[in-house]
file work-v8.cif (mmCIF, C-alpha atoms)
data_final
#
loop_
_atom_site.group_PDB
_atom_site.id
_atom_site.type_symbol
_atom_site.label_atom_id
_atom_site.label_comp_id
_atom_site.auth_asym_id
_atom_site.auth_seq_id
_atom_site.Cartn_x
_atom_site.Cartn_y
_atom_site.Cartn_z
ATOM 1 C CA MET Z 254 0.000 0.000 0.000
ATOM 2 C CA GLU Z 255 1.317 3.415 -0.942
ATOM 3 C CA ILE Z 256 1.085 6.022 1.775
ATOM 4 C CA THR Z 257 1.488 9.760 1.552
ATOM 5 C CA LEU Z 258 3.199 12.140 3.937
ATOM 6 C CA THR Z 259 1.256 13.210 7.011
ATOM 7 C CA THR Z 260 0.536 16.798 8.024
ATOM 8 C CA GLY Z 261 3.089 16.390 10.841
ATOM 9 C CA GLN Z 262 5.837 15.318 8.442
ATOM 10 C CA ILE Z 263 5.060 18.237 6.154
ATOM 11 C CA ALA Z 264 5.000 20.676 9.091
ATOM 12 C CA ASN Z 265 8.418 19.421 10.242
ATOM 13 C CA CYS Z 266 9.828 19.976 6.754
ATOM 14 C CA TRP Z 267 8.293 23.453 6.677
ATOM 15 C CA ASN Z 268 10.000 24.299 9.982
ATOM 16 C CA ASP Z 269 13.329 22.947 8.709
ATOM 17 C CA PHE Z 270 13.028 24.861 5.435
ATOM 18 C CA GLU Z 271 12.226 28.082 7.282
ATOM 19 C CA LYS Z 272 15.318 27.620 9.483
ATOM 20 C CA ILE Z 273 17.470 27.043 6.396
ATOM 21 C CA THR Z 274 16.046 30.196 4.797
ATOM 22 C CA THR Z 275 16.553 32.395 7.842
ATOM 23 C CA THR Z 276 19.739 30.906 9.309
ATOM 24 C CA ASN Z 277 21.802 29.521 6.431
ATOM 25 C CA LEU Z 278 20.575 31.824 3.677
ATOM 26 C CA LYS Z 279 20.178 34.790 6.062
ATOM 27 C CA LYS Z 280 16.851 35.871 4.611
ATOM 28 C CA ASN Z 281 13.837 37.294 6.351
ATOM 29 C CA SER Z 282 11.194 34.792 7.437
ATOM 30 C CA ARG Z 283 8.698 36.721 5.252
ATOM 31 C CA ASP Z 284 10.800 35.688 2.257
ATOM 32 C CA PHE Z 285 10.257 32.044 3.160
ATOM 33 C CA TYR Z 286 6.489 32.417 3.250
ATOM 34 C CA ASN Z 287 6.531 33.926 -0.249
ATOM 35 C CA ILE Z 288 8.324 30.965 -1.841
ATOM 36 C CA PRO Z 289 5.986 29.271 -4.356
ATOM 37 C CA VAL Z 290 5.169 25.602 -3.803
ATOM 38 C CA SER Z 291 4.682 23.166 -6.664
ATOM 39 C CA VAL Z 292 4.582 19.441 -7.311
ATOM 40 C CA VAL Z 293 7.198 17.580 -9.331
ATOM 41 C CA VAL Z 294 5.925 14.342 -10.842
ATOM 42 C CA LYS Z 295 8.645 11.713 -11.228
ATOM 43 C CA ARG Z 296 8.811 8.273 -12.747
ATOM 44 C CA ARG Z 297 9.156 5.577 -10.113
ATOM 45 C CA SER Z 298 11.363 3.462 -12.401
ATOM 46 C CA ASN Z 299 14.183 5.969 -12.905
ATOM 47 C CA ASN Z 300 13.349 8.922 -10.616
ATOM 48 C CA GLN Z 301 13.309 11.306 -13.576
ATOM 49 C CA PRO Z 302 10.884 14.244 -13.548
ATOM 50 C CA VAL Z 303 8.095 14.083 -16.103
ATOM 51 C CA ASP Z 304 6.008 17.091 -15.072
ATOM 52 C CA HIS Z 305 6.056 20.175 -12.878
ATOM 53 C CA LEU Z 306 2.636 21.207 -11.607
ATOM 54 C CA SER Z 307 1.452 24.396 -9.971
ATOM 55 C CA ILE Z 308 -0.781 23.954 -6.947
ATOM 56 C CA ASP Z 309 -4.086 25.612 -7.754
ATOM 57 C CA ASN Z 310 -5.850 24.893 -4.488
ATOM 58 C CA ILE Z 311 -5.510 23.158 -1.142
ATOM 59 C CA ALA Z 312 -8.575 21.436 0.252
ATOM 60 C CA MET Z 313 -9.745 19.194 3.062
ATOM 61 C CA SER Z 314 -12.305 16.430 2.866
ATOM 62 C CA LYS Z 315 -15.644 17.101 4.544
ATOM 63 C CA ASP Z 316 -14.847 14.668 7.355
ATOM 64 C CA GLY Z 317 -11.388 16.194 7.951
ATOM 65 C CA ARG Z 318 -9.541 12.959 7.195
ATOM 66 C CA GLU Z 319 -7.655 14.062 4.094
ATOM 67 C CA ILE Z 320 -5.924 17.186 2.863
ATOM 68 C CA TRP Z 321 -4.913 17.451 -0.755
ATOM 69 C CA PHE Z 322 -3.264 19.818 -3.160
ATOM 70 C CA GLU Z 323 -5.149 20.275 -6.402
ATOM 71 C CA CYS Z 324 -2.952 20.424 -9.501
ATOM 72 C CA PHE Z 325 -4.456 20.481 -12.941
ATOM 73 C CA VAL Z 326 -2.925 18.870 -16.005
ATOM 74 C CA ASN Z 327 -4.034 19.660 -19.523
ATOM 75 C CA ASP Z 328 -5.262 16.131 -20.159
ATOM 76 C CA GLU Z 329 -6.961 16.985 -23.444
ATOM 77 C CA GLN Z 330 -3.701 18.310 -24.856
ATOM 78 C CA MET Z 331 -1.779 15.296 -23.535
ATOM 79 C CA ILE Z 332 -4.243 12.849 -25.098
ATOM 80 C CA GLU Z 333 -4.219 14.744 -28.380
ATOM 81 C CA LYS Z 334 -0.416 14.434 -28.544
ATOM 82 C CA GLU Z 335 -0.368 10.830 -27.368
ATOM 83 C CA PRO Z 336 -3.677 8.890 -27.347
ATOM 84 C CA LYS Z 337 -2.237 6.134 -25.110
ATOM 85 C CA VAL Z 338 -2.101 8.671 -22.275
ATOM 86 C CA LYS Z 339 -5.891 8.408 -21.819
ATOM 87 C CA GLU Z 340 -5.555 4.839 -20.551
ATOM 88 C CA HIS Z 341 -2.783 5.902 -18.177
ATOM 89 C CA LEU Z 342 -4.858 8.812 -16.827
ATOM 90 C CA ASP Z 343 -7.880 6.560 -16.323
ATOM 91 C CA THR Z 344 -5.721 4.009 -14.491
ATOM 92 C CA SER Z 345 -4.238 6.773 -12.325
ATOM 93 C CA GLU Z 346 -7.721 7.957 -11.427
ATOM 94 C CA ASP Z 347 -8.620 4.426 -10.293
ATOM 95 C CA LYS Z 348 -5.396 4.220 -8.258
ATOM 96 C CA TYR Z 349 -6.271 7.503 -6.536
ATOM 97 C CA ILE Z 350 -9.704 6.200 -5.578
ATOM 98 C CA ASN Z 351 -8.150 3.014 -4.146
ATOM 99 C CA LEU Z 352 -5.474 4.981 -2.273
ATOM 100 C CA SER Z 353 -8.115 7.252 -0.797
ATOM 101 C CA LYS Z 354 -10.068 4.216 0.428
ATOM 102 C CA LYS Z 355 -6.913 2.677 1.959
ATOM 103 C CA LEU Z 356 -6.066 5.924 3.745
ATOM 104 C CA THR Z 357 -9.594 6.109 5.156
ATOM 105 C CA THR Z 358 -9.316 2.515 6.388
ATOM 106 C CA LYS Z 359 -5.923 3.223 7.970
ATOM 107 C CA ILE Z 360 -7.262 6.345 9.704
ATOM 108 C CA ASP Z 361 -10.300 4.413 10.968
ATOM 109 C CA LYS Z 362 -7.990 1.819 12.566
ATOM 110 C CA SER Z 363 -5.940 4.502 14.353
#
call {"tool": "encode", "arguments": {"input": "work-v8.cif", "output": "structure tokens"}}
result
Amino acid sequence: MEITLTTGQIANCWNDFEKITTTNLKKNSRDFYNIPVSVVVKRRSNNQPVDHLSIDNIAMSKDGREIWFECFVNDEQMIEKEPKVKEHLDTSEDKYINLSKKLTTKIDKS
């Protein structure tokens, strides 16, 4: 089962990154909070980046069990360039649904 980072792990990274910005790079803490955040999509097989996505929104599920970053890909353009991508996108959508169910089950057991 694939698992994602928790809010605590992300918060710890945020604190570490802020310290690096203010201590090592000697910048104002305001500068840190203005750094844009994005998502880099990498291939699992060779760790090479395949996409760089802007985060358009951050949201929480209605029951407060999940937080997610919303990043939009131009799927129509991707499919137009390479029709086989549609199958991959559909499979990815199914994997997301399964992952979401597994995370809910894991949270319920905690």
call {"tool": "resolve_selection", "arguments": {"input": "work-v8.cif", "expression": "the PyMOL selection byres ((chain Z and resi 357) around 12)", "output": "MDAnalysis selection string"}}
result
chainID Z and resid 256 314 316:320 350:356 358:363
call {"tool": "resolve_selection", "arguments": {"input": "work-v8.cif", "expression": "the PyMOL selection byres ((chain Z and resi 304) around 9)", "output": "count of residues only"}}
result
8
call {"tool": "atom_distance", "arguments": {"input": "work-v8.cif", "atom1": "CA of Ser307 (chain Z)", "atom2": "CA of Asn277 (chain Z)"}}
result
26.6 Å
call {"tool": "closest_residue", "arguments": {"input": "work-v8.cif", "among": "Z:Lys334, Z:Ile308, Z:Cys266, Z:Phe325", "to": "Pro289 (chain Z)", "atoms": "all atoms listed in the file"}}
result
Z:Ile308
call {"tool": "residues_around", "arguments": {"input": "work-v8.cif", "residues": "Tyr286 (chain Z)", "least_positions_apart": "5", "cutoff": "12 Å", "atoms": "only C-alpha atoms", "output": "short mmCIF file (atom, residue, chain, number, x, y, z; two decimals) with C-alpha atoms, in the frame of the given file"}}
result
data_model
loop_
_atom_site.label_atom_id
_atom_site.label_comp_id
_atom_site.auth_asym_id
_atom_site.auth_seq_id
_atom_site.Cartn_x
_atom_site.Cartn_y
_atom_site.Cartn_z
CA TRP Z 267 8.29 23.45 6.68
CA ASN Z 268 10.00 24.30 9.98
CA PHE Z 270 13.03 24.86 5.44
CA GLU Z 271 12.23 28.08 7.28
CA LYS Z 272 15.32 27.62 9.48
CA THR Z 274 16.05 30.20 4.80
CA THR Z 275 16.55 32.40 7.84
CA LYS Z 280 16.85 35.87 4.61
CA ASN Z 281 13.84 37.29 6.35
#
call {"tool": "atom_distance", "arguments": {"input": "work-v8.cif", "atom1": "CA of Ile288 (chain Z)", "atom2": "CA of Asp269 (chain Z)"}}
result
14.2 Å
call {"tool": "atom_distance", "arguments": {"input": "work-v8.cif", "atom1": "CA of Glu340 (chain Z)", "atom2": "CA of Asn327 (chain Z)"}}
result
14.9 Å
call {"tool": "residues_around", "arguments": {"input": "work-v8.cif", "residues": "Leu342 (chain Z)", "least_positions_apart": "6", "cutoff": "10 Å", "atoms": "all atoms listed in the file", "output": "number ranges by chain"}}
result
Z: 328, 331-332, 348
call {"tool": "closest_residue", "arguments": {"input": "work-v8.cif", "among": "Z:Glu329, Z:Glu323, Z:Asp347, Z:Glu335", "to": "Asp309 (chain Z)", "atoms": "only C-alpha atoms"}}
result
Z:Glu323
call {"tool": "closest_residue", "arguments": {"input": "work-v8.cif", "among": "Z:Gln330, Z:Thr260, Z:Thr276, Z:Ser345", "to": "Met313 (chain Z)", "atoms": "only C-alpha atoms"}}
result
Z:Thr260
call {"tool": "residues_around", "arguments": {"input": "work-v8.cif", "residues": "Phe322 (chain Z)", "least_positions_apart": "4", "cutoff": "7 Å", "atoms": "all atoms listed in the file", "output": "PyMOL selection string"}}
result
chain Z and resi 308+310-312
call {"tool": "closest_residue", "arguments": {"input": "work-v8.cif", "among": "Z:Phe285, Z:Ser291, Z:Trp321, Z:Pro336", "to": "Ile273 (chain Z)", "atoms": "only C-alpha atoms"}}
result
Z:Phe285
call {"tool": "build_atoms", "arguments": {"input": "work-v8.cif", "residues": "region 255-291 of chain Z", "atoms": "N, CA and C atoms", "output": "PDB file, in the frame of the given file"}}
result
ATOM      1  N   GLU Z 255       0.603   2.143  -0.917  1.00  0.00           N
ATOM      2  CA  GLU Z 255       1.317   3.415  -0.942  1.00  0.00           C
ATOM      3  C   GLU Z 255       0.711   4.341   0.102  1.00  0.00           C
ATOM      4  N   ILE Z 256       1.566   5.070   0.787  1.00  0.00           N
ATOM      5  CA  ILE Z 256       1.085   6.022   1.775  1.00  0.00           C
ATOM      6  C   ILE Z 256       1.697   7.380   1.449  1.00  0.00           C
ATOM      7  N   THR Z 257       1.015   8.413   1.811  1.00  0.00           N
ATOM      8  CA  THR Z 257       1.488   9.760   1.552  1.00  0.00           C
ATOM      9  C   THR Z 257       2.051  10.350   2.845  1.00  0.00           C
ATOM     10  N   LEU Z 258       2.694  11.468   2.749  1.00  0.00           N
ATOM     11  CA  LEU Z 258       3.199  12.140   3.937  1.00  0.00           C
ATOM     12  C   LEU Z 258       2.043  12.626   4.795  1.00  0.00           C
ATOM     13  N   THR Z 259       2.277  12.694   6.098  1.00  0.00           N
ATOM     14  CA  THR Z 259       1.256  13.210   7.011  1.00  0.00           C
ATOM     15  C   THR Z 259       1.434  14.717   7.188  1.00  0.00           C
ATOM     16  N   THR Z 260       0.434  15.357   7.762  1.00  0.00           N
ATOM     17  CA  THR Z 260       0.536  16.798   8.024  1.00  0.00           C
ATOM     18  C   THR Z 260       1.706  17.085   8.961  1.00  0.00           C
ATOM     19  N   GLY Z 261       1.958  16.198   9.920  1.00  0.00           N
ATOM     20  CA  GLY Z 261       3.089  16.390  10.841  1.00  0.00           C
ATOM     21  C   GLY Z 261       4.428  16.348  10.119  1.00  0.00           C
ATOM     22  N   GLN Z 262       4.585  15.405   9.203  1.00  0.00           N
ATOM     23  CA  GLN Z 262       5.837  15.318   8.442  1.00  0.00           C
ATOM     24  C   GLN Z 262       6.040  16.565   7.595  1.00  0.00           C
ATOM     25  N   ILE Z 263       4.962  17.033   6.980  1.00  0.00           N
ATOM     26  CA  ILE Z 263       5.060  18.237   6.154  1.00  0.00           C
ATOM     27  C   ILE Z 263       5.388  19.444   7.023  1.00  0.00           C
ATOM     28  N   ALA Z 264       4.739  19.550   8.182  1.00  0.00           N
ATOM     29  CA  ALA Z 264       5.000  20.676   9.091  1.00  0.00           C
ATOM     30  C   ALA Z 264       6.454  20.681   9.550  1.00  0.00           C
ATOM     31  N   ASN Z 265       7.007  19.499   9.840  1.00  0.00           N
ATOM     32  CA  ASN Z 265       8.418  19.421  10.242  1.00  0.00           C
ATOM     33  C   ASN Z 265       9.332  19.905   9.122  1.00  0.00           C
ATOM     34  N   CYS Z 266       9.032  19.510   7.900  1.00  0.00           N
ATOM     35  CA  CYS Z 266       9.828  19.976   6.754  1.00  0.00           C
ATOM     36  C   CYS Z 266       9.727  21.489   6.631  1.00  0.00           C
ATOM     37  N   TRP Z 267       8.510  22.012   6.771  1.00  0.00           N
ATOM     38  CA  TRP Z 267       8.293  23.453   6.677  1.00  0.00           C
ATOM     39  C   TRP Z 267       9.173  24.172   7.696  1.00  0.00           C
ATOM     40  N   ASN Z 268       9.180  23.678   8.934  1.00  0.00           N
ATOM     41  CA  ASN Z 268      10.000  24.299   9.982  1.00  0.00           C
ATOM     42  C   ASN Z 268      11.478  24.244   9.613  1.00  0.00           C
ATOM     43  N   ASP Z 269      11.927  23.093   9.115  1.00  0.00           N
ATOM     44  CA  ASP Z 269      13.329  22.947   8.709  1.00  0.00           C
ATOM     45  C   ASP Z 269      13.672  23.891   7.566  1.00  0.00           C
ATOM     46  N   PHE Z 270      12.776  23.985   6.575  1.00  0.00           N
ATOM     47  CA  PHE Z 270      13.028  24.861   5.435  1.00  0.00           C
ATOM     48  C   PHE Z 270      13.069  26.329   5.866  1.00  0.00           C
ATOM     49  N   GLU Z 271      12.217  26.694   6.804  1.00  0.00           N
ATOM     50  CA  GLU Z 271      12.226  28.082   7.282  1.00  0.00           C
ATOM     51  C   GLU Z 271      13.546  28.384   7.995  1.00  0.00           C
ATOM     52  N   LYS Z 272      14.029  27.424   8.791  1.00  0.00           N
ATOM     53  CA  LYS Z 272      15.318  27.620   9.483  1.00  0.00           C
ATOM     54  C   LYS Z 272      16.456  27.773   8.473  1.00  0.00           C
ATOM     55  N   ILE Z 273      16.439  26.947   7.435  1.00  0.00           N
ATOM     56  CA  ILE Z 273      17.470  27.043   6.396  1.00  0.00           C
ATOM     57  C   ILE Z 273      17.419  28.424   5.749  1.00  0.00           C
ATOM     58  N   THR Z 274      16.212  28.890   5.445  1.00  0.00           N
ATOM     59  CA  THR Z 274      16.046  30.196   4.797  1.00  0.00           C
ATOM     60  C   THR Z 274      16.558  31.322   5.677  1.00  0.00           C
ATOM     61  N   THR Z 275      16.193  31.277   6.953  1.00  0.00           N
ATOM     62  CA  THR Z 275      16.553  32.395   7.842  1.00  0.00           C
ATOM     63  C   THR Z 275      17.967  32.279   8.385  1.00  0.00           C
ATOM     64  N   THR Z 276      18.418  31.075   8.699  1.00  0.00           N
ATOM     65  CA  THR Z 276      19.739  30.906   9.309  1.00  0.00           C
ATOM     66  C   THR Z 276      20.844  30.777   8.264  1.00  0.00           C
ATOM     67  N   ASN Z 277      20.734  29.773   7.407  1.00  0.00           N
ATOM     68  CA  ASN Z 277      21.802  29.521   6.431  1.00  0.00           C
ATOM     69  C   ASN Z 277      21.829  30.558   5.309  1.00  0.00           C
ATOM     70  N   LEU Z 278      20.644  30.895   4.801  1.00  0.00           N
ATOM     71  CA  LEU Z 278      20.575  31.824   3.677  1.00  0.00           C
ATOM     72  C   LEU Z 278      20.431  33.275   4.122  1.00  0.00           C
ATOM     73  N   LYS Z 279      20.253  33.459   5.449  1.00  0.00           N
ATOM     74  CA  LYS Z 279      20.178  34.790   6.062  1.00  0.00           C
ATOM     75  C   LYS Z 279      19.128  35.691   5.411  1.00  0.00           C
ATOM     76  N   LYS Z 280      17.954  35.099   5.179  1.00  0.00           N
ATOM     77  CA  LYS Z 280      16.851  35.871   4.611  1.00  0.00           C
ATOM     78  C   LYS Z 280      15.785  36.077   5.686  1.00  0.00           C
ATOM     79  N   ASN Z 281      14.930  37.009   5.432  1.00  0.00           N
ATOM     80  CA  ASN Z 281      13.837  37.294   6.351  1.00  0.00           C
ATOM     81  C   ASN Z 281      12.824  36.165   6.289  1.00  0.00           C
ATOM     82  N   SER Z 282      12.190  35.856   7.406  1.00  0.00           N
ATOM     83  CA  SER Z 282      11.194  34.792   7.437  1.00  0.00           C
ATOM     84  C   SER Z 282      10.031  35.082   6.490  1.00  0.00           C
ATOM     85  N   ARG Z 283       9.736  36.352   6.233  1.00  0.00           N
ATOM     86  CA  ARG Z 283       8.698  36.721   5.252  1.00  0.00           C
ATOM     87  C   ARG Z 283       9.052  36.178   3.872  1.00  0.00           C
ATOM     88  N   ASP Z 284      10.362  36.203   3.555  1.00  0.00           N
ATOM     89  CA  ASP Z 284      10.800  35.688   2.257  1.00  0.00           C
ATOM     90  C   ASP Z 284      10.431  34.212   2.103  1.00  0.00           C
ATOM     91  N   PHE Z 285      10.583  33.469   3.205  1.00  0.00           N
ATOM     92  CA  PHE Z 285      10.257  32.044   3.160  1.00  0.00           C
ATOM     93  C   PHE Z 285       8.787  31.836   2.824  1.00  0.00           C
ATOM     94  N   TYR Z 286       7.923  32.608   3.446  1.00  0.00           N
ATOM     95  CA  TYR Z 286       6.489  32.417   3.250  1.00  0.00           C
ATOM     96  C   TYR Z 286       6.000  32.926   1.899  1.00  0.00           C
ATOM     97  N   ASN Z 287       6.876  33.506   1.115  1.00  0.00           N
ATOM     98  CA  ASN Z 287       6.531  33.926  -0.249  1.00  0.00           C
ATOM     99  C   ASN Z 287       7.101  32.988  -1.313  1.00  0.00           C
ATOM    100  N   ILE Z 288       7.769  31.929  -0.883  1.00  0.00           N
ATOM    101  CA  ILE Z 288       8.324  30.965  -1.841  1.00  0.00           C
ATOM    102  C   ILE Z 288       7.174  30.145  -2.429  1.00  0.00           C
ATOM    103  N   PRO Z 289       7.059  30.073  -3.759  1.00  0.00           N
ATOM    104  CA  PRO Z 289       5.986  29.271  -4.356  1.00  0.00           C
ATOM    105  C   PRO Z 289       6.214  27.774  -4.121  1.00  0.00           C
ATOM    106  N   VAL Z 290       5.125  27.049  -4.002  1.00  0.00           N
ATOM    107  CA  VAL Z 290       5.169  25.602  -3.803  1.00  0.00           C
ATOM    108  C   VAL Z 290       4.575  24.948  -5.045  1.00  0.00           C
ATOM    109  N   SER Z 291       5.202  23.895  -5.514  1.00  0.00           N
ATOM    110  CA  SER Z 291       4.682  23.166  -6.664  1.00  0.00           C
ATOM    111  C   SER Z 291       4.932  21.681  -6.454  1.00  0.00           C
TER     112      SER Z 291
END
